[in-house]
Amino acid sequence: MTKQLPPTDVVVIGLGWTGSIMAHQLSEAGLSVVALERGPWRDTATDYPTSYAQDELRYHIRQDLFLRPAQETLTFRNNARQTALPIRTWGSFMPPNGVGGGGVHWNAETWRFLPSDFQLKTHLTERYGQKFLPPEMTIQDWGISYAELEPYYDRFEYLCGTSGKAGNLNGEKQSEGNPFEGARARDYPTPPQQQPYGPTLFGQAARELGYSPFIQPSGNLSQSYTNPLGVTLGPCTYCGFCEWFGCGNYSKASPQTTILPALVRNPNVTLRTQCEVTKINMDASGQRATGVTYIDADGEEWVQPAEIVLLCAFQLFNVHLLLLSGIGQPYDPVQGTGVIGRNYSYQTLSGVKAFFDDKNFNPFVASGAIGVCIDDFNGDNFDHSELGFVGGGYLGAVQTNGRPILGTLTPKDTPKWGAAWKQAVTDNYLSSYQAAAHGSCYSYRDAYLDLDPTYTDRLGRKLMRMTFDFHDNELKMSAYLTDRLGDIMQKMGPRQIEKNPRTGPYDVSIYQTTHTCGGAIMGSDPKTSALNRYLQHWDVPNLFVTGASAFPQNAGYNPTGTVGALAFWAADAIINRYLKAPGALVPK
Amino acid sequence: MLLDRRTLLMGSALAVIFSGSARAIEIKGRLPWHSNAGSPPSPIQLGPWQFFTPEEAAAVEAIVDRLIPPDPKAPGGKDAGCAVFIDRQLAGPYGSSQGLYMRPPFMDGTAQQGNQSPLTPAERYRQSLAGLDRYCRASFLGKPFASIPDAEKDKVLGQLEKGPIKLDGPSATAFFEIILQNTREGFFADPIYGGNRDMAGWKMIGFPGARYDYRDWVGRHNERYPLPPISIAGRVMGAS
């Protein structure tokens, strides 16, 4: 028996980073907001205090804070000739669950994309010619420029208290910052984090090779910070339990540590947890969302009517809910038509391990985002004309953790067990080092999301199906970036190095990163994008969709900085444009 | 946003509304905080095996002690409690694949599609240990795995890992992979879960455990960290 709730101005689906930002911005503007989160309420003191947060088995190996596949998962295949099978346990990526979303358990690497990333198709075509791009590549411009987004990056960084050093202040290059970054109006709110031994050596080696090392911007703070909402974060203590973990120390930027304490005080805000939205409801015209249907923890079904619907779930589930709700034309890879599920992309990660005889790195003195990086090989910061690929990534020694179950490195000829393994782990734990290349992943005609014909979830709904593999362009790029990373690691003076470029086929069972992107992308043409430049759905003007699902392709950076900036940008568009004249903000 | 005092008080009064369920919570006005709320882990109870039969336990203790053999500097998998760890894990939510997607149809896929087996870890251990027992008794004059010489144990394990031994029942390689993974977990997880007894795994490599503040050490480069490890439960967990 479905129950009808009183209408609200705004319903927010998903209370992670973007849902929290949207709910706060729109409630401050005077709108009544109901936010629905399918996972539980989470907070520092109850879910991951310093008395038991440092538990590798519980939080990392057994995935305590993540969505349970029994609740929702997807199916996967490398290509359309295969039969997709369900992801029964998470591997390659880790969908979040609960209030705070991925903001609870991210590493807090807080980057901006390059100006050229936002005009990628135009930029690369102008520099190298149309024929330089693989014919099956479907990269697009975003419909927004870096300069337009800059003030919103700034707002996200000042919400988080991001620790870093500017490399480009209003066009003036700054020493020690990233010389390749787009111009920023002001410096980071807090100074860079202190660096341990490994990143320091990496930076010295990179400088000797003529590169421009800088300290990675971090949402694990170098000092305490009170943000514009009056919420205070503490300094990071370098405990090394960031990604996969909640921060017990209130020093990692998350919705809990930056925004929720202020959000709940707004009397026009109601948050409901353990409530899973099953459908966005539409009126008969098909051009207006009337609200959502959701199921609470007791299995009771409710309808929440709303004037504005904000789809703020994790990337995969934004696309899934659009497909299940029949909103927008599903993508057809054969015809190349339709938009929902189009341009799914990921991230191309690779690494280099180095083994030393005379060094002690104390790998456990760590934070998710302490590290020294170079951007010399990111985006189009280097000439690709002789290289045979496009794209790039940052190279960095980011000392995220020294957790022993999964974090021990041994040379590749070491047996996996027995006395020789035991000796190798003992010998190398403190004296080995791994650095990473964080490569872009561009979009292709045959990489997409749709509904699976066979498998269903616990509510009987079709699972989403992912069809994805790495393409030659990304594999060539990964080989090149990994070689450059190897050059730097070699300069650090190890006994031996091992280069591990990304190779195909893509394996969904091995953890790489949770940077899944696309499927409901933004752009300037409704034939090739689901959303306009304000994240407004082209067909349904009172529906906005936030998150990395809007990325037309992924750049060589962690996505959260851009996800946060786009949320502030879209909130401003709703408040300053849509509320004044409800309707399409860009003509079709 | 301007809030008058009355609105704030009303908000607080309505703060947490339980809508007929302890789980579906409406949050309004303030953070839903309760004193002493939390979800700390439950340390395992010492005592008899909870999942393994005595025969299975003997085999698992023998296996973990070859995967991580004892040496003069550090205990092996058995004395580190890896079998106890695995026993308690298999008796709990991990053993029954709780929370995983276990709906049919189950079909074999490519390696890139991940584990598609309908077997839970508990079922895999039970069936594979039975298969191993039959294999060993047939090959070693009626002896179970635990009673054959160490060199033969290593040979059997190596052939489970890479072939050619095929156990009747589930895949030998899959069993080897899961028990190797669980053994490493037991050797390096916090001692509250039954393994890593006396933090032996952590001491062996120099991991300080559940410490939370290295601000004094981040700038001390190439120096060995001086303090011993601690567990979530404190310094002496397991030394009962």
# chains A, B, ... in the order shown; residues from 1 in each chain; ligands from 1
$ select_by_dssp --residues "region 367-499 of chain A" --states "alpha helix (DSSP H)" --output "short mmCIF file (atom, residue, chain, number, x, y, z; two decimals) with N, CA, C and O atoms, in the first residue's frame"
data_model
loop_
_atom_site.label_atom_id
_atom_site.label_comp_id
_atom_site.auth_asym_id
_atom_site.auth_seq_id
_atom_site.Cartn_x
_atom_site.Cartn_y
_atom_site.Cartn_z
N PRO A 404 49.20 -3.98 6.61
CA PRO A 404 49.99 -5.15 6.25
C PRO A 404 49.28 -6.25 5.46
O PRO A 404 49.94 -7.00 4.76
N ILE A 405 47.95 -6.38 5.57
CA ILE A 405 47.33 -7.53 4.88
C ILE A 405 47.49 -7.38 3.37
O ILE A 405 47.88 -8.31 2.68
N LEU A 406 47.19 -6.19 2.87
CA LEU A 406 47.30 -5.97 1.43
C LEU A 406 48.45 -5.06 1.05
O LEU A 406 48.73 -4.87 -0.13
N GLY A 407 49.13 -4.47 2.04
CA GLY A 407 50.09 -3.43 1.72
C GLY A 407 51.56 -3.84 1.73
O GLY A 407 52.42 -2.99 1.66
N GLY A 418 55.26 -19.69 2.23
CA GLY A 418 56.42 -20.45 2.69
C GLY A 418 57.51 -19.55 3.26
O GLY A 418 57.35 -18.32 3.39
N ALA A 419 58.63 -20.17 3.61
CA ALA A 419 59.71 -19.45 4.29
C ALA A 419 60.26 -18.30 3.44
O ALA A 419 60.58 -17.23 3.97
N ALA A 420 60.33 -18.52 2.12
CA ALA A 420 60.89 -17.46 1.27
C ALA A 420 59.97 -16.24 1.24
O ALA A 420 60.43 -15.09 1.26
N TRP A 421 58.67 -16.49 1.22
CA TRP A 421 57.72 -15.37 1.27
C TRP A 421 57.85 -14.62 2.59
O TRP A 421 57.92 -13.39 2.63
N LYS A 422 57.90 -15.37 3.67
CA LYS A 422 57.96 -14.75 5.00
C LYS A 422 59.21 -13.87 5.11
O LYS A 422 59.14 -12.74 5.62
N GLN A 423 60.33 -14.39 4.62
CA GLN A 423 61.57 -13.61 4.68
C GLN A 423 61.47 -12.36 3.81
O GLN A 423 61.89 -11.27 4.21
N ALA A 424 60.89 -12.50 2.63
CA ALA A 424 60.80 -11.36 1.71
C ALA A 424 59.90 -10.25 2.27
O ALA A 424 60.19 -9.07 2.14
N VAL A 425 58.80 -10.64 2.89
CA VAL A 425 57.91 -9.64 3.50
C VAL A 425 58.65 -8.91 4.61
O VAL A 425 58.58 -7.68 4.73
N THR A 426 59.36 -9.68 5.43
CA THR A 426 60.11 -9.08 6.54
C THR A 426 61.19 -8.13 6.02
O THR A 426 61.37 -7.03 6.54
N ASP A 427 61.88 -8.54 4.98
CA ASP A 427 62.99 -7.74 4.46
C ASP A 427 62.53 -6.46 3.76
O ASP A 427 63.26 -5.47 3.74
N ASN A 428 61.35 -6.49 3.14
CA ASN A 428 60.98 -5.39 2.24
C ASN A 428 59.90 -4.45 2.76
O ASN A 428 59.64 -3.42 2.15
N ASP A 472 43.37 0.65 -26.91
CA ASP A 472 44.80 0.76 -27.19
C ASP A 472 45.35 2.13 -26.80
O ASP A 472 46.48 2.23 -26.31
N ASN A 473 44.56 3.17 -27.03
CA ASN A 473 45.03 4.52 -26.69
C ASN A 473 45.43 4.60 -25.22
O ASN A 473 46.50 5.13 -24.87
N GLU A 474 44.56 4.07 -24.34
CA GLU A 474 44.82 4.14 -22.90
C GLU A 474 45.99 3.22 -22.51
O GLU A 474 46.79 3.54 -21.63
N LEU A 475 46.09 2.06 -23.16
CA LEU A 475 47.17 1.13 -22.81
C LEU A 475 48.53 1.69 -23.25
O LEU A 475 49.53 1.57 -22.53
N LYS A 476 48.56 2.33 -24.42
CA LYS A 476 49.81 2.99 -24.87
C LYS A 476 50.18 4.13 -23.92
O LYS A 476 51.35 4.31 -23.57
N MET A 477 49.17 4.89 -23.54
CA MET A 477 49.41 5.98 -22.61
C MET A 477 49.97 5.45 -21.29
O MET A 477 50.94 5.99 -20.74
N SER A 478 49.36 4.36 -20.81
CA SER A 478 49.80 3.80 -19.53
C SER A 478 51.25 3.32 -19.62
O SER A 478 52.03 3.52 -18.68
N ALA A 479 51.61 2.69 -20.74
CA ALA A 479 53.00 2.23 -20.90
C ALA A 479 53.95 3.42 -20.86
O ALA A 479 55.01 3.37 -20.21
N TYR A 480 53.57 4.50 -21.54
CA TYR A 480 54.43 5.68 -21.59
C TYR A 480 54.57 6.32 -20.20
O TYR A 480 55.68 6.63 -19.74
N LEU A 481 53.43 6.53 -19.53
CA LEU A 481 53.47 7.16 -18.20
C LEU A 481 54.26 6.29 -17.22
O LEU A 481 55.02 6.80 -16.39
N THR A 482 54.08 4.98 -17.31
CA THR A 482 54.76 4.09 -16.38
C THR A 482 56.27 4.11 -16.61
O THR A 482 57.06 4.04 -15.66
N ASP A 483 56.69 4.25 -17.87
CA ASP A 483 58.12 4.39 -18.15
C ASP A 483 58.68 5.68 -17.55
O ASP A 483 59.78 5.68 -16.99
N ARG A 484 57.94 6.77 -17.70
CA ARG A 484 58.42 8.04 -17.13
C ARG A 484 58.49 7.94 -15.60
O ARG A 484 59.41 8.44 -14.96
N LEU A 485 57.49 7.29 -15.01
CA LEU A 485 57.49 7.08 -13.57
C LEU A 485 58.69 6.22 -13.16
O LEU A 485 59.36 6.50 -12.16
N GLY A 486 58.96 5.21 -13.96
CA GLY A 486 60.11 4.34 -13.70
C GLY A 486 61.42 5.12 -13.72
O GLY A 486 62.31 4.88 -12.91
N ASP A 487 61.53 6.10 -14.66
CA ASP A 487 62.75 6.93 -14.72
C ASP A 487 62.98 7.64 -13.38
O ASP A 487 64.11 7.72 -12.88
N ILE A 488 61.88 8.15 -12.82
CA ILE A 488 62.01 8.90 -11.56
C ILE A 488 62.37 7.96 -10.42
O ILE A 488 63.27 8.23 -9.61
N MET A 489 61.68 6.81 -10.38
CA MET A 489 61.95 5.85 -9.31
C MET A 489 63.40 5.35 -9.38
O MET A 489 64.05 5.14 -8.36
N GLN A 490 63.90 5.13 -10.60
CA GLN A 490 65.28 4.67 -10.77
C GLN A 490 66.26 5.67 -10.18
O GLN A 490 67.26 5.32 -9.57
N LYS A 491 65.92 6.95 -10.36
CA LYS A 491 66.76 8.04 -9.85
C LYS A 491 66.82 8.07 -8.32
O LYS A 491 67.71 8.69 -7.74
#
$ residues_around --residues "region 90-93 of chain A" --least-positions-apart "2" --cutoff "7 Å" --atoms "only C-alpha atoms" --output "ChimeraX atom specification"
/A:87-88,95,508-514
$ select_by_dssp --residues "region 258-407 of chain A" --states "strand (DSSP E)" --output "MDAnalysis selection string"
chainID A and resid 269:272 276:282 289:295 301:311 342:345 348:355 371:374 393:398
$ residues_around --residues "Lys78 (chain B)" --least-positions-apart "2" --cutoff "12 Å" --atoms "only C-alpha atoms" --output "ChimeraX atom specification"
/B:57-70,74-76,80-86,146,183-184,186-187,194-197,200
$ residues_around --residues "Phe382 (chain A)" --least-positions-apart "5" --cutoff "10 Å" --atoms "only C-alpha atoms" --output "NGL selection string"
:A and (375-377 or 390-392)
$ residues_around --residues "Asp332 (chain A)" --least-positions-apart "3" --cutoff "9 Å" --atoms "only C-alpha atoms" --output "number ranges by chain"
A: 329, 335-339, 341-342, 448, 450
$ write_last_selection --atoms "N, CA, C and O atoms" --output "mmCIF file, in the first residue's frame"
data_model
loop_
_atom_site.group_PDB
_atom_site.id
_atom_site.type_symbol
_atom_site.label_atom_id
_atom_site.label_comp_id
_atom_site.auth_asym_id
_atom_site.auth_seq_id
_atom_site.Cartn_x
_atom_site.Cartn_y
_atom_site.Cartn_z
ATOM 1 N N GLN A 329 16.510 8.982 -23.546
ATOM 2 C CA GLN A 329 16.613 7.841 -24.464
ATOM 3 C C GLN A 329 17.832 6.996 -24.119
ATOM 4 O O GLN A 329 18.960 7.513 -24.071
ATOM 5 N N GLN A 335 23.641 1.843 -33.173
ATOM 6 C CA GLN A 335 23.279 3.025 -33.948
ATOM 7 C C GLN A 335 24.083 4.263 -33.518
ATOM 8 O O GLN A 335 24.133 5.241 -34.258
ATOM 9 N N GLY A 336 24.620 4.212 -32.300
ATOM 10 C CA GLY A 336 25.291 5.399 -31.773
ATOM 11 C C GLY A 336 24.302 6.484 -31.360
ATOM 12 O O GLY A 336 24.661 7.658 -31.253
ATOM 13 N N THR A 337 23.056 6.087 -31.101
ATOM 14 C CA THR A 337 22.020 7.059 -30.717
ATOM 15 C C THR A 337 21.679 6.896 -29.238
ATOM 16 O O THR A 337 22.008 5.890 -28.616
ATOM 17 N N GLY A 338 20.941 7.878 -28.719
ATOM 18 C CA GLY A 338 20.511 7.812 -27.327
ATOM 19 C C GLY A 338 21.613 8.315 -26.397
ATOM 20 O O GLY A 338 22.778 8.455 -26.798
ATOM 21 N N VAL A 339 21.244 8.620 -25.179
ATOM 22 C CA VAL A 339 22.188 9.300 -24.283
ATOM 23 C C VAL A 339 22.369 8.644 -22.917
ATOM 24 O O VAL A 339 23.432 8.787 -22.299
ATOM 25 N N GLY A 341 23.485 6.173 -20.451
ATOM 26 C CA GLY A 341 24.431 5.059 -20.498
ATOM 27 C C GLY A 341 25.601 5.317 -21.435
ATOM 28 O O GLY A 341 26.569 4.560 -21.457
ATOM 29 N N ARG A 342 25.523 6.413 -22.194
ATOM 30 C CA ARG A 342 26.566 6.745 -23.163
ATOM 31 C C ARG A 342 27.843 7.218 -22.456
ATOM 32 O O ARG A 342 27.790 7.815 -21.396
ATOM 33 N N TYR A 448 29.731 1.394 -22.374
ATOM 34 C CA TYR A 448 28.428 1.980 -22.041
ATOM 35 C C TYR A 448 27.739 1.204 -20.924
ATOM 36 O O TYR A 448 28.199 0.132 -20.507
ATOM 37 N N ASP A 450 23.777 -0.161 -19.693
ATOM 38 C CA ASP A 450 22.351 -0.337 -20.007
ATOM 39 C C ASP A 450 21.759 -1.317 -18.996
ATOM 40 O O ASP A 450 22.424 -1.658 -18.011
#
$ closest_residue --among "A:Met522, A:Ala53, A:Leu36, A:Ala366" --to "Ala233 (chain B)" --atoms "only C-alpha atoms"
A:Ala53
$ residues_around --residues "region 321-325 of chain A" --least-positions-apart "3" --cutoff "10 Å" --atoms "only C-alpha atoms" --output "VMD selection string"
chain A and resid 277 to 282 292 311 313 316 to 318 328 to 331 340 to 341 449 to 451 461 to 464 519 to 520 545
$ write_last_selection --atoms "N, CA, C and O atoms" --output "tab-separated table (two decimals), in the first residue's frame"
chain	number	residue	atom	x	y	z
A	277	VAL	N	15.21	5.05	-3.05
A	277	VAL	CA	14.35	5.52	-4.14
A	277	VAL	C	14.35	4.45	-5.24
A	277	VAL	O	15.40	4.00	-5.70
A	278	THR	N	13.15	4.04	-5.64
A	278	THR	CA	13.03	3.01	-6.67
A	278	THR	C	12.69	3.60	-8.02
A	278	THR	O	12.87	2.96	-9.05
A	279	LYS	N	12.19	4.84	-8.04
A	279	LYS	CA	11.76	5.41	-9.32
A	279	LYS	C	11.61	6.92	-9.16
A	279	LYS	O	11.18	7.41	-8.12
A	280	ILE	N	12.00	7.61	-10.22
A	280	ILE	CA	11.64	9.02	-10.33
A	280	ILE	C	10.32	9.06	-11.10
A	280	ILE	O	10.21	8.49	-12.19
A	281	ASN	N	9.31	9.69	-10.51
A	281	ASN	CA	7.97	9.68	-11.12
A	281	ASN	C	7.82	10.85	-12.09
A	281	ASN	O	8.34	11.94	-11.85
A	282	MET	N	7.09	10.60	-13.17
A	282	MET	CA	6.91	11.60	-14.23
A	282	MET	C	5.43	11.87	-14.42
A	282	MET	O	4.59	10.99	-14.18
A	292	VAL	N	9.37	11.30	-6.26
A	292	VAL	CA	9.99	9.97	-6.28
A	292	VAL	C	9.15	8.98	-5.50
A	292	VAL	O	8.37	9.37	-4.62
A	311	LEU	N	18.99	14.29	-8.52
A	311	LEU	CA	19.53	12.94	-8.51
A	311	LEU	C	21.02	13.03	-8.15
A	311	LEU	O	21.85	13.44	-8.97
A	313	ALA	N	22.91	10.47	-6.38
A	313	ALA	CA	23.48	9.18	-5.95
A	313	ALA	C	24.87	9.01	-6.55
A	313	ALA	O	25.35	9.86	-7.30
A	316	LEU	N	27.17	5.31	-10.74
A	316	LEU	CA	26.53	4.13	-11.33
A	316	LEU	C	25.02	4.15	-11.09
A	316	LEU	O	24.23	3.79	-11.96
A	317	PHE	N	24.63	4.58	-9.90
A	317	PHE	CA	23.23	4.46	-9.52
A	317	PHE	C	22.40	5.64	-10.03
A	317	PHE	O	21.18	5.53	-10.17
A	318	ASN	N	23.04	6.75	-10.33
A	318	ASN	CA	22.34	7.80	-11.07
A	318	ASN	C	21.87	7.26	-12.42
A	318	ASN	O	20.72	7.43	-12.82
A	328	GLY	N	14.81	9.88	-20.49
A	328	GLY	CA	15.88	10.06	-21.47
A	328	GLY	C	16.01	8.80	-22.33
A	328	GLY	O	15.67	7.69	-21.90
A	329	GLN	N	16.51	8.98	-23.55
A	329	GLN	CA	16.61	7.84	-24.46
A	329	GLN	C	17.83	7.00	-24.12
A	329	GLN	O	18.96	7.51	-24.07
A	330	PRO	N	17.64	5.70	-23.87
A	330	PRO	CA	18.81	4.84	-23.58
A	330	PRO	C	19.76	4.80	-24.77
A	330	PRO	O	19.34	4.85	-25.92
A	331	TYR	N	21.03	4.71	-24.47
A	331	TYR	CA	22.07	4.69	-25.50
A	331	TYR	C	22.05	3.37	-26.26
A	331	TYR	O	21.92	2.29	-25.66
A	340	ILE	N	21.36	7.94	-22.41
A	340	ILE	CA	21.51	7.42	-21.04
A	340	ILE	C	22.34	6.13	-21.09
A	340	ILE	O	21.94	5.15	-21.70
A	341	GLY	N	23.48	6.17	-20.45
A	341	GLY	CA	24.43	5.06	-20.50
A	341	GLY	C	25.60	5.32	-21.44
A	341	GLY	O	26.57	4.56	-21.46
A	449	LEU	N	26.62	1.77	-20.48
A	449	LEU	CA	25.81	1.17	-19.42
A	449	LEU	C	24.39	1.00	-19.95
A	449	LEU	O	23.86	1.90	-20.60
A	450	ASP	N	23.78	-0.16	-19.69
A	450	ASP	CA	22.35	-0.34	-20.01
A	450	ASP	C	21.76	-1.32	-19.00
A	450	ASP	O	22.42	-1.66	-18.01
A	451	LEU	N	20.52	-1.75	-19.21
A	451	LEU	CA	19.90	-2.67	-18.27
A	451	LEU	C	20.20	-4.11	-18.67
A	451	LEU	O	20.18	-4.45	-19.86
A	461	ARG	N	14.03	-5.49	-9.69
A	461	ARG	CA	14.38	-4.56	-10.77
A	461	ARG	C	15.58	-5.09	-11.54
A	461	ARG	O	16.46	-5.75	-10.98
A	462	LYS	N	15.66	-4.76	-12.83
A	462	LYS	CA	16.80	-5.20	-13.61
A	462	LYS	C	18.09	-4.56	-13.09
A	462	LYS	O	18.11	-3.35	-12.82
A	463	LEU	N	19.13	-5.35	-12.98
A	463	LEU	CA	20.44	-4.77	-12.67
A	463	LEU	C	20.92	-3.95	-13.86
A	463	LEU	O	20.50	-4.18	-14.99
A	464	MET	N	21.82	-3.02	-13.60
A	464	MET	CA	22.46	-2.34	-14.70
A	464	MET	C	23.59	-3.22	-15.23
A	464	MET	O	24.17	-4.02	-14.49
A	519	GLY	N	27.87	8.20	-18.42
A	519	GLY	CA	26.58	7.53	-18.47
A	519	GLY	C	25.38	8.47	-18.45
A	519	GLY	O	24.31	8.11	-18.92
A	520	ALA	N	25.55	9.64	-17.88
A	520	ALA	CA	24.51	10.69	-17.92
A	520	ALA	C	25.27	12.01	-18.06
A	520	ALA	O	25.32	12.82	-17.15
A	545	VAL	N	21.01	16.29	-12.33
A	545	VAL	CA	21.76	15.07	-12.00
A	545	VAL	C	23.21	15.47	-11.74
A	545	VAL	O	23.90	15.96	-12.64
$ residues_around --residues "Thr456 (chain A)" --least-positions-apart "2" --cutoff "10 Å" --atoms "only C-alpha atoms" --output "JSON, numbers by chain"
{"A": [72, 73, 74, 75, 86, 451, 452, 453, 454, 458, 459, 460, 461, 462, 463, 464], "B": [103, 104]}
$ write_last_selection --atoms "all heavy atoms" --output "short mmCIF file (atom, residue, chain, number, x, y, z; two decimals), in the first residue's frame"
data_model
loop_
_atom_site.label_atom_id
_atom_site.label_comp_id
_atom_site.auth_asym_id
_atom_site.auth_seq_id
_atom_site.Cartn_x
_atom_site.Cartn_y
_atom_site.Cartn_z
N GLU A 72 22.33 -4.02 -3.95
CA GLU A 72 22.34 -3.59 -5.36
C GLU A 72 23.72 -3.87 -5.93
O GLU A 72 24.73 -3.62 -5.28
CB GLU A 72 22.05 -2.09 -5.46
CG GLU A 72 21.75 -1.62 -6.87
CD GLU A 72 20.47 -2.24 -7.44
OE1 GLU A 72 19.42 -2.09 -6.78
OE2 GLU A 72 20.53 -2.90 -8.49
N THR A 73 23.75 -4.38 -7.15
CA THR A 73 25.01 -4.54 -7.84
C THR A 73 24.78 -4.30 -9.31
O THR A 73 23.74 -3.73 -9.69
CB THR A 73 25.64 -5.94 -7.55
OG1 THR A 73 26.93 -6.01 -8.15
CG2 THR A 73 24.78 -7.08 -8.05
N LEU A 74 25.70 -4.71 -10.16
CA LEU A 74 25.52 -4.59 -11.59
C LEU A 74 26.17 -5.79 -12.25
O LEU A 74 26.85 -6.58 -11.58
CB LEU A 74 26.08 -3.27 -12.13
CG LEU A 74 27.55 -2.97 -11.95
CD1 LEU A 74 28.00 -1.98 -13.02
CD2 LEU A 74 27.81 -2.35 -10.59
N THR A 75 25.91 -5.95 -13.53
CA THR A 75 26.58 -7.03 -14.26
C THR A 75 27.66 -6.42 -15.12
O THR A 75 27.68 -5.21 -15.38
CB THR A 75 25.61 -7.84 -15.13
OG1 THR A 75 25.12 -7.00 -16.19
CG2 THR A 75 24.45 -8.37 -14.31
N PRO A 86 26.95 -11.11 -13.03
CA PRO A 86 26.87 -10.16 -11.92
C PRO A 86 28.19 -10.00 -11.17
O PRO A 86 28.96 -10.96 -11.05
CB PRO A 86 25.80 -10.78 -11.00
CG PRO A 86 25.74 -12.21 -11.37
CD PRO A 86 26.11 -12.31 -12.81
N LEU A 451 20.52 -1.75 -19.21
CA LEU A 451 19.90 -2.67 -18.27
C LEU A 451 20.20 -4.11 -18.67
O LEU A 451 20.18 -4.45 -19.86
CB LEU A 451 18.39 -2.44 -18.19
CG LEU A 451 17.96 -1.11 -17.54
CD1 LEU A 451 16.44 -0.94 -17.62
CD2 LEU A 451 18.43 -1.03 -16.09
N ASP A 452 20.45 -4.95 -17.67
CA ASP A 452 20.78 -6.35 -17.95
C ASP A 452 19.50 -7.12 -18.27
O ASP A 452 18.47 -6.94 -17.63
CB ASP A 452 21.46 -6.97 -16.72
CG ASP A 452 22.03 -8.33 -17.04
OD1 ASP A 452 23.18 -8.38 -17.53
OD2 ASP A 452 21.32 -9.35 -16.84
N PRO A 453 19.56 -8.03 -19.26
CA PRO A 453 18.36 -8.78 -19.63
C PRO A 453 18.03 -9.92 -18.67
O PRO A 453 16.91 -10.44 -18.70
CB PRO A 453 18.71 -9.32 -21.02
CG PRO A 453 20.19 -9.43 -21.03
CD PRO A 453 20.68 -8.30 -20.17
N THR A 454 18.97 -10.32 -17.81
CA THR A 454 18.80 -11.55 -17.03
C THR A 454 18.69 -11.32 -15.53
O THR A 454 17.79 -11.83 -14.87
CB THR A 454 19.99 -12.51 -17.28
OG1 THR A 454 20.10 -12.71 -18.68
CG2 THR A 454 19.78 -13.84 -16.56
N ARG A 458 17.11 -7.30 -5.41
CA ARG A 458 16.23 -7.89 -4.40
C ARG A 458 14.81 -7.38 -4.53
O ARG A 458 13.88 -7.97 -3.99
CB ARG A 458 16.78 -7.58 -3.00
CG ARG A 458 16.57 -6.15 -2.57
CD ARG A 458 17.45 -5.76 -1.40
NE ARG A 458 16.94 -4.56 -0.74
CZ ARG A 458 16.97 -3.35 -1.28
NH1 ARG A 458 17.46 -3.16 -2.50
NH2 ARG A 458 16.49 -2.31 -0.62
N LEU A 459 14.62 -6.26 -5.24
CA LEU A 459 13.28 -5.72 -5.45
C LEU A 459 12.70 -6.16 -6.79
O LEU A 459 11.63 -5.72 -7.18
CB LEU A 459 13.32 -4.19 -5.38
CG LEU A 459 13.87 -3.60 -4.08
CD1 LEU A 459 14.03 -2.09 -4.19
CD2 LEU A 459 12.96 -3.95 -2.91
N GLY A 460 13.44 -7.00 -7.49
CA GLY A 460 12.95 -7.47 -8.79
C GLY A 460 13.26 -6.55 -9.95
O GLY A 460 12.82 -6.78 -11.07
N ARG A 461 14.03 -5.49 -9.69
CA ARG A 461 14.38 -4.56 -10.77
C ARG A 461 15.58 -5.09 -11.54
O ARG A 461 16.46 -5.75 -10.98
CB ARG A 461 14.73 -3.18 -10.19
CG ARG A 461 13.66 -2.61 -9.31
CD ARG A 461 14.06 -1.25 -8.76
NE ARG A 461 15.31 -1.30 -8.01
CZ ARG A 461 15.93 -0.23 -7.54
NH1 ARG A 461 15.43 0.97 -7.76
NH2 ARG A 461 17.05 -0.36 -6.85
N LYS A 462 15.66 -4.76 -12.83
CA LYS A 462 16.80 -5.20 -13.61
C LYS A 462 18.09 -4.56 -13.09
O LYS A 462 18.11 -3.35 -12.82
CB LYS A 462 16.62 -4.79 -15.08
CG LYS A 462 15.55 -5.60 -15.78
CD LYS A 462 15.39 -5.19 -17.22
CE LYS A 462 14.44 -6.18 -17.89
NZ LYS A 462 14.21 -5.88 -19.30
N LEU A 463 19.13 -5.35 -12.98
CA LEU A 463 20.44 -4.77 -12.67
C LEU A 463 20.92 -3.95 -13.86
O LEU A 463 20.50 -4.18 -14.99
CB LEU A 463 21.47 -5.87 -12.39
CG LEU A 463 21.26 -6.78 -11.18
CD1 LEU A 463 22.49 -7.69 -11.01
CD2 LEU A 463 21.01 -6.00 -9.90
N MET A 464 21.82 -3.02 -13.60
CA MET A 464 22.46 -2.34 -14.70
C MET A 464 23.59 -3.22 -15.23
O MET A 464 24.17 -4.02 -14.49
CB MET A 464 23.01 -0.99 -14.24
CG MET A 464 23.47 -0.12 -15.42
SD MET A 464 23.60 1.61 -14.94
CE MET A 464 24.99 1.54 -13.82
N ARG B 103 22.29 -14.37 -6.18
CA ARG B 103 21.12 -14.80 -6.95
C ARG B 103 21.55 -15.56 -8.20
O ARG B 103 22.56 -15.26 -8.80
CB ARG B 103 20.30 -13.57 -7.39
CG ARG B 103 19.58 -12.92 -6.24
CD ARG B 103 18.97 -11.57 -6.64
NE ARG B 103 18.49 -10.93 -5.44
CZ ARG B 103 17.27 -11.17 -4.92
NH1 ARG B 103 16.43 -11.94 -5.55
NH2 ARG B 103 16.92 -10.59 -3.80
N PRO B 104 20.74 -16.54 -8.60
CA PRO B 104 21.03 -17.27 -9.82
C PRO B 104 20.63 -16.44 -11.05
O PRO B 104 19.95 -15.43 -10.88
CB PRO B 104 20.15 -18.52 -9.68
CG PRO B 104 18.99 -18.07 -8.84
CD PRO B 104 19.53 -17.02 -7.91
#
